[in-house]
$ cat coords.txt   # compact mmCIF, C-alpha atoms
# COMPACT_ATOMS: atom_id res chain seq x y z
CA MET A 45 0.00 0.00 0.00
CA ASN A 46 2.97 2.30 0.73
CA LYS A 47 4.19 1.89 -2.85
CA ILE A 48 0.75 2.74 -4.21
CA GLY A 49 0.69 5.85 -2.00
CA LEU A 50 4.07 6.97 -3.35
CA ILE A 51 2.85 6.57 -6.93
CA ILE A 52 -0.35 8.48 -6.13
CA TRP A 53 1.57 11.40 -4.62
CA ARG A 54 4.05 11.41 -7.48
CA GLU A 55 1.30 11.59 -10.11
CA TYR A 56 -0.56 14.23 -8.09
CA PHE A 57 2.39 16.58 -7.56
CA GLU A 58 3.63 16.00 -11.09
CA ARG A 59 0.46 17.66 -12.39
CA ILE A 60 -0.21 20.42 -9.88
CA ARG A 61 3.33 21.73 -10.33
CA LYS A 62 2.83 22.26 -14.06
CA LYS A 63 2.25 25.83 -15.18
CA SER A 64 -0.51 24.67 -17.51
CA PHE A 65 -2.44 23.23 -14.56
CA LEU A 66 -2.12 26.43 -12.55
CA VAL A 67 -3.05 28.62 -15.49
CA MET A 68 -6.08 26.52 -16.46
CA SER A 69 -7.24 26.33 -12.83
CA ILE A 70 -7.57 30.12 -12.94
CA LEU A 71 -8.56 30.59 -16.58
CA GLY A 72 -10.96 27.63 -16.71
CA PRO A 73 -13.82 29.24 -14.73
CA VAL A 74 -13.10 32.57 -16.45
CA LEU A 75 -13.39 30.98 -19.90
CA VAL A 76 -16.62 29.20 -18.96
CA ALA A 77 -18.12 32.45 -17.64
CA ALA A 78 -16.94 34.28 -20.77
CA GLY A 79 -18.56 31.60 -22.94
CA PHE A 80 -21.91 32.04 -21.22
CA ALA A 81 -21.58 35.82 -21.43
CA LEU A 82 -20.84 35.55 -25.16
CA MET A 83 -23.91 33.35 -25.69
CA ILE A 84 -26.11 35.86 -23.85
CA TRP A 85 -24.63 38.75 -25.83
CA LEU A 86 -25.12 36.99 -29.14
CA SER A 87 -28.72 36.12 -28.29
CA ASN A 88 -29.45 39.78 -27.51
CA ALA A 89 -27.50 41.08 -30.50
CA ASP A 90 -29.39 38.61 -32.67
CA LYS A 91 -32.61 40.45 -31.86
CA THR A 92 -31.71 43.97 -32.95
CA GLU A 93 -34.62 45.83 -34.51
CA GLN A 94 -35.25 44.88 -38.13
CA LYS A 95 -37.28 47.00 -40.56
CA VAL A 96 -38.34 44.64 -43.34
CA LEU A 97 -39.65 46.04 -46.63
CA VAL A 98 -42.06 43.46 -48.08
CA VAL A 99 -42.39 43.11 -51.86
CA ASP A 100 -45.22 40.60 -52.20
CA GLU A 101 -46.11 39.70 -55.79
CA SER A 102 -48.42 36.90 -54.63
CA MET A 103 -50.51 39.21 -52.39
CA ALA A 104 -50.87 36.24 -50.03
CA PHE A 105 -48.89 37.99 -47.30
CA TYR A 106 -49.73 41.63 -48.03
CA LYS A 107 -50.27 43.41 -44.69
CA ASN A 108 -50.71 39.98 -43.13
CA LEU A 109 -47.35 39.32 -41.47
CA PRO A 110 -47.43 40.01 -37.70
CA ASP A 111 -44.71 42.12 -36.12
CA ASN A 112 -42.90 41.10 -32.98
CA ASP A 113 -40.48 42.76 -30.56
CA PHE A 114 -37.59 42.94 -33.03
CA VAL A 115 -39.13 42.65 -36.54
CA ARG A 116 -41.33 45.27 -38.21
CA PHE A 117 -42.90 44.76 -41.64
CA TYR A 118 -43.61 47.57 -44.12
CA TYR A 119 -45.58 47.33 -47.36
CA PRO A 120 -44.81 50.20 -49.74
CA ASN A 121 -46.32 49.78 -53.19
CA ILE A 122 -43.10 49.40 -55.19
CA LYS A 123 -41.49 46.75 -57.38
CA LEU A 124 -38.37 44.79 -56.51
CA PRO A 125 -35.95 46.59 -58.91
CA GLN A 126 -36.97 49.96 -57.50
CA ALA A 127 -36.73 48.68 -53.92
CA ILE A 128 -33.20 47.39 -54.51
CA LYS A 129 -32.14 50.59 -56.29
CA GLU A 130 -33.31 52.82 -53.43
CA PHE A 131 -32.44 50.37 -50.63
CA TYR A 132 -29.45 52.25 -49.21
CA LYS A 133 -31.33 55.55 -49.32
CA THR A 134 -33.88 54.22 -46.83
CA ASP A 135 -33.67 53.05 -43.21
CA TYR A 136 -34.96 49.56 -44.06
CA THR A 137 -32.62 46.82 -42.88
CA SER A 138 -33.78 44.18 -45.39
CA ILE A 139 -36.11 43.45 -48.30
CA LEU A 140 -38.35 40.40 -48.25
CA TYR A 141 -39.20 39.38 -51.81
CA ILE A 142 -42.11 36.96 -52.28
CA PRO A 143 -42.70 35.70 -55.86
CA TYR A 144 -46.15 35.50 -57.40
CA ASN A 145 -46.19 31.67 -57.52
CA VAL A 146 -45.12 31.01 -53.93
CA ALA A 147 -48.49 29.40 -53.11
CA GLN A 148 -48.56 27.24 -56.24
CA SER A 149 -45.00 25.91 -56.25
CA ASN A 150 -42.94 24.34 -53.49
CA ASN A 151 -39.75 25.43 -55.26
CA ALA A 152 -40.59 29.14 -55.56
CA PRO A 153 -37.68 30.92 -53.83
CA VAL A 154 -38.45 33.59 -51.25
CA LYS A 155 -35.47 35.95 -51.03
CA LEU A 156 -34.26 38.19 -48.25
CA PHE A 157 -31.97 41.04 -49.31
CA TYR A 158 -30.11 42.76 -46.49
CA LYS A 159 -27.51 45.40 -45.65
CA LYS A 160 -26.18 43.54 -42.61
CA THR A 161 -26.49 39.80 -42.10
CA PRO A 162 -29.61 39.13 -40.00
CA GLY A 163 -29.30 36.89 -36.98
CA PHE A 164 -30.65 33.38 -36.62
CA ALA A 165 -33.65 34.55 -34.59
CA VAL A 166 -34.70 36.93 -37.37
CA SER A 167 -34.40 34.34 -40.13
CA GLN A 168 -36.20 31.73 -38.06
CA TYR A 169 -39.04 34.12 -37.26
CA LEU A 170 -39.49 35.08 -40.92
CA ARG A 171 -39.55 31.43 -41.96
CA ASP A 172 -42.00 30.39 -39.23
CA VAL A 173 -44.46 33.25 -39.73
CA MET A 174 -44.48 32.83 -43.52
CA GLU A 175 -45.03 29.07 -43.31
CA ARG A 176 -47.92 29.59 -40.90
CA LYS A 177 -49.57 32.28 -43.05
CA LEU A 178 -49.07 30.26 -46.23
CA TYR A 179 -50.70 27.27 -44.53
CA GLU A 180 -53.70 29.39 -43.58
CA PHE A 181 -53.84 30.92 -47.06
CA LYS A 182 -53.97 27.51 -48.77
CA LEU A 183 -56.69 26.31 -46.41
CA ALA A 184 -58.78 29.40 -47.12
CA ALA A 185 -58.23 28.98 -50.89
CA ASN A 186 -59.79 25.51 -50.60
CA ASN A 187 -62.73 26.81 -48.52
CA ILE A 188 -61.39 25.19 -45.35
CA ASN A 189 -61.73 27.16 -42.15
CA PRO A 190 -58.34 27.14 -40.36
CA ASP A 191 -60.12 27.44 -37.01
CA VAL A 192 -61.82 24.08 -37.59
CA ILE A 193 -58.48 22.31 -37.98
CA LYS A 194 -56.97 24.28 -35.11
CA ASN A 195 -59.81 23.33 -32.77
CA ALA A 196 -59.63 19.69 -33.88
CA ARG A 197 -56.12 19.39 -32.52
CA GLN A 198 -56.01 18.45 -28.87
CA SER A 199 -52.98 17.78 -26.72
CA ILE A 200 -52.90 14.76 -24.42
CA HIS A 201 -51.78 15.10 -20.82
CA LEU A 202 -50.25 11.73 -20.01
CA ILE A 203 -49.67 10.92 -16.34
CA ASN A 204 -47.35 8.05 -15.38
CA GLU A 205 -48.27 6.21 -12.19
CA LYS A 206 -46.57 3.20 -10.69
CA ILE A 207 -48.77 0.54 -9.07
CA TYR A 208 -47.38 -1.20 -5.99
CA GLU A 209 -48.20 -4.70 -4.75
CA ASN A 210 -50.61 -3.35 -2.11
CA GLY A 211 -52.75 -1.81 -4.85
CA GLU A 212 -51.71 1.79 -4.23
CA SER A 213 -50.43 3.95 -7.06
CA LYS A 214 -48.12 6.94 -7.11
CA GLU A 215 -47.31 9.41 -9.87
CA SER A 216 -43.75 9.13 -11.14
CA LYS A 217 -41.70 11.85 -12.80
CA THR A 218 -40.42 9.82 -15.74
CA ASP A 219 -39.51 12.90 -17.80
CA ALA A 220 -37.32 14.33 -15.04
CA ILE A 221 -35.72 10.92 -14.46
CA SER A 222 -34.96 10.57 -18.17
CA ILE A 223 -33.33 14.02 -18.30
CA ILE A 224 -31.26 13.33 -15.17
CA GLY A 225 -30.16 9.99 -16.63
CA PHE A 226 -29.14 11.62 -19.91
CA VAL A 227 -27.15 14.36 -18.17
CA CYS A 228 -25.40 11.86 -15.89
CA GLY A 229 -24.57 9.62 -18.85
CA LEU A 230 -23.14 12.60 -20.74
CA LEU A 231 -21.01 13.62 -17.75
CA ILE A 232 -19.70 10.06 -17.37
CA PHE A 233 -18.80 9.95 -21.07
CA VAL A 234 -16.95 13.30 -20.93
CA PHE A 235 -15.15 12.37 -17.70
CA LEU A 236 -14.01 8.97 -19.02
CA THR A 237 -12.84 10.48 -22.30
CA ILE A 238 -10.72 13.19 -20.67
CA TYR A 239 -9.60 11.02 -17.75
CA GLY A 240 -8.67 8.07 -19.97
CA ALA A 241 -6.59 10.33 -22.19
CA GLN A 242 -4.70 11.62 -19.13
CA VAL A 243 -3.89 8.10 -17.93
CA MET A 244 -2.77 7.06 -21.40
CA ARG A 245 -0.55 10.13 -21.72
CA SER A 246 1.07 9.41 -18.36
CA VAL A 247 1.86 5.83 -19.33
CA MET A 248 3.23 6.90 -22.72
CA GLU A 249 5.52 9.52 -21.13
CA GLU A 250 7.13 7.00 -18.81
CA LYS A 251 7.41 4.40 -21.54
CA THR A 252 9.06 6.92 -23.85
CA ASN A 253 11.52 7.98 -21.15
CA ARG A 254 12.14 4.29 -20.28
CA VAL A 255 11.39 5.09 -16.63
CA VAL A 256 8.67 2.44 -16.56
CA GLU A 257 11.27 -0.32 -16.82
CA ILE A 258 12.84 0.82 -13.55
CA ILE A 259 9.46 1.30 -11.85
CA VAL A 260 8.16 -2.14 -12.84
CA SER A 261 11.27 -3.73 -11.34
CA SER A 262 10.25 -2.25 -7.96
CA VAL A 263 6.44 -2.48 -7.98
CA ARG A 264 3.88 -4.78 -9.50
CA PRO A 265 2.01 -3.57 -12.64
CA PHE A 266 -1.25 -3.64 -10.68
CA GLN A 267 0.14 -1.26 -8.06
CA LEU A 268 1.52 1.02 -10.76
CA MET A 269 -1.79 1.25 -12.61
CA ILE A 270 -3.88 1.76 -9.44
CA GLY A 271 -1.51 4.50 -8.31
CA LYS A 272 -1.72 6.26 -11.67
CA ILE A 273 -5.51 6.02 -11.85
CA LEU A 274 -6.02 7.42 -8.34
CA GLY A 275 -3.24 10.01 -8.56
CA ILE A 276 -4.40 11.44 -11.87
CA ALA A 277 -8.01 11.45 -10.69
$ encode --input "coords.txt" --output "structure tokens"
Amino acid sequence: MNKIGLIIWREYFERIRKKSFLVMSILGPVLVAAGFALMIWLSNADKTEQKVLVVDESMAFYKNLPDNDFVRFYYPNIKLPQAIKEFYKTDYTSILYIPYNVAQSNNAPVKLFYKKTPGFAVSQYLRDVMERKLYEFKLAANNINPDVIKNARQSIHLINEKIYENGESKESKTDAISIIGFVCGLLIFVFLTIYGAQVMRSVMEEKTNRVVEIIVSSVRPFQLMIGKILGIA
């Protein structure tokens, strides 16, 4: 056991004395916090106000696209060439061009012209709201009331209950258990991947330096491996 303890301490001090370990111990939390801050900043920057000029040749979306907190739609009565020509003279951030056959063809391209690349939230909102309005437009064109289909859809609230041998039942949180299991499995996978690479690197260093031949002559391979696993952990 004393030999295993010596190996554990050797592996432990070998790592904490490295400059990379000290630097990453300080920078690690800082980098994680900076990553979260960057994600929050990008999500807010992604929702800067957009003034969208709509050129709708199909008239299926004319004055029918709802605004939200960061997208505003405008419908001046102009053609696409004129809109593009005067684009930089206006305060519009983008031009949404809808061809005349968008409702008749699945391949009709809807184009978004812009001055500055719109964020993901803007593009996703435009796509979602247009798909929803086109769906309603096609239903109305076939004399189908969209409210009838909307009211026909009903969500199901499924409750999971476990029955015990005494006949009693108790509700179980299967969704929460599944999420916890997934997160734990992911953490185990990440830990084993990083940890296994560290153990492998330690063995390769000693084998390359031919130190392992001297160590094995003094301790059993089992003691050496246990010491490395615990020390590196």
$ residues_around --input "coords.txt" --residues "segment 236-239 of chain A" --least-positions-apart "6" --cutoff "12 Å" --atoms "only C-alpha atoms" --output "count of residues only"
10
$ closest_atom_pairs --input "coords.txt" --of "segment 146-216 of chain A" --to "segment 91-105 of chain A" --cutoff "8 Å" --atoms "all atoms listed in the file" --output "Markdown table"
| residue | atom | partner | partner_atom | distance |
| --- | --- | --- | --- | --- |
| A:Val146 | CA | A:Ser102 | CA | 6.8 |
| A:Ala147 | CA | A:Ser102 | CA | 7.7 |
| A:Gly163 | CA | A:Lys91 | CA | 7.1 |
| A:Ala165 | CA | A:Lys91 | CA | 6.6 |
| A:Val166 | CA | A:Lys91 | CA | 6.9 |
| A:Met174 | CA | A:Phe105 | CA | 7.8 |
| A:Lys177 | CA | A:Phe105 | CA | 7.2 |
| A:Leu178 | CA | A:Ala104 | CA | 7.3 |
| A:Phe181 | CA | A:Ala104 | CA | 6.8 |
$ atom_distance --input "coords.txt" --atom1 "atom CA of Val243 of chain A" --atom2 "atom CA of Met269 of chain A"
8.9 Å
$ atom_distance --input "coords.txt" --atom1 "atom CA of Lys159 of chain A" --atom2 "atom CA of Phe80 of chain A"
28.4 Å
$ atom_distance --input "coords.txt" --atom1 "atom CA of Phe114 of chain A" --atom2 "atom CA of Glu175 of chain A"
18.8 Å
$ residues_around --input "coords.txt" --residues "Lys217 of chain A" --least-positions-apart "6" --cutoff "9 Å" --atoms "all atoms listed in the file" --output "VMD selection string"
chain A and resid 203 to 205
$ closest_residue --input "coords.txt" --among "A:Phe266, A:Phe226, A:Phe235, A:Tyr169" --to "Asp111 of chain A" --atoms "only C-alpha atoms"
A:Tyr169
$ closest_residue --input "coords.txt" --among "A:Pro110, A:Tyr141, A:Gly79, A:Pro162" --to "Ile122 of chain A" --atoms "all atoms listed in the file"
A:Tyr141
$ residues_around --input "coords.txt" --residues "Pro190 of chain A" --least-positions-apart "5" --cutoff "8 Å" --atoms "only C-alpha atoms" --output "VMD selection string"
chain A and resid 180 183 to 184
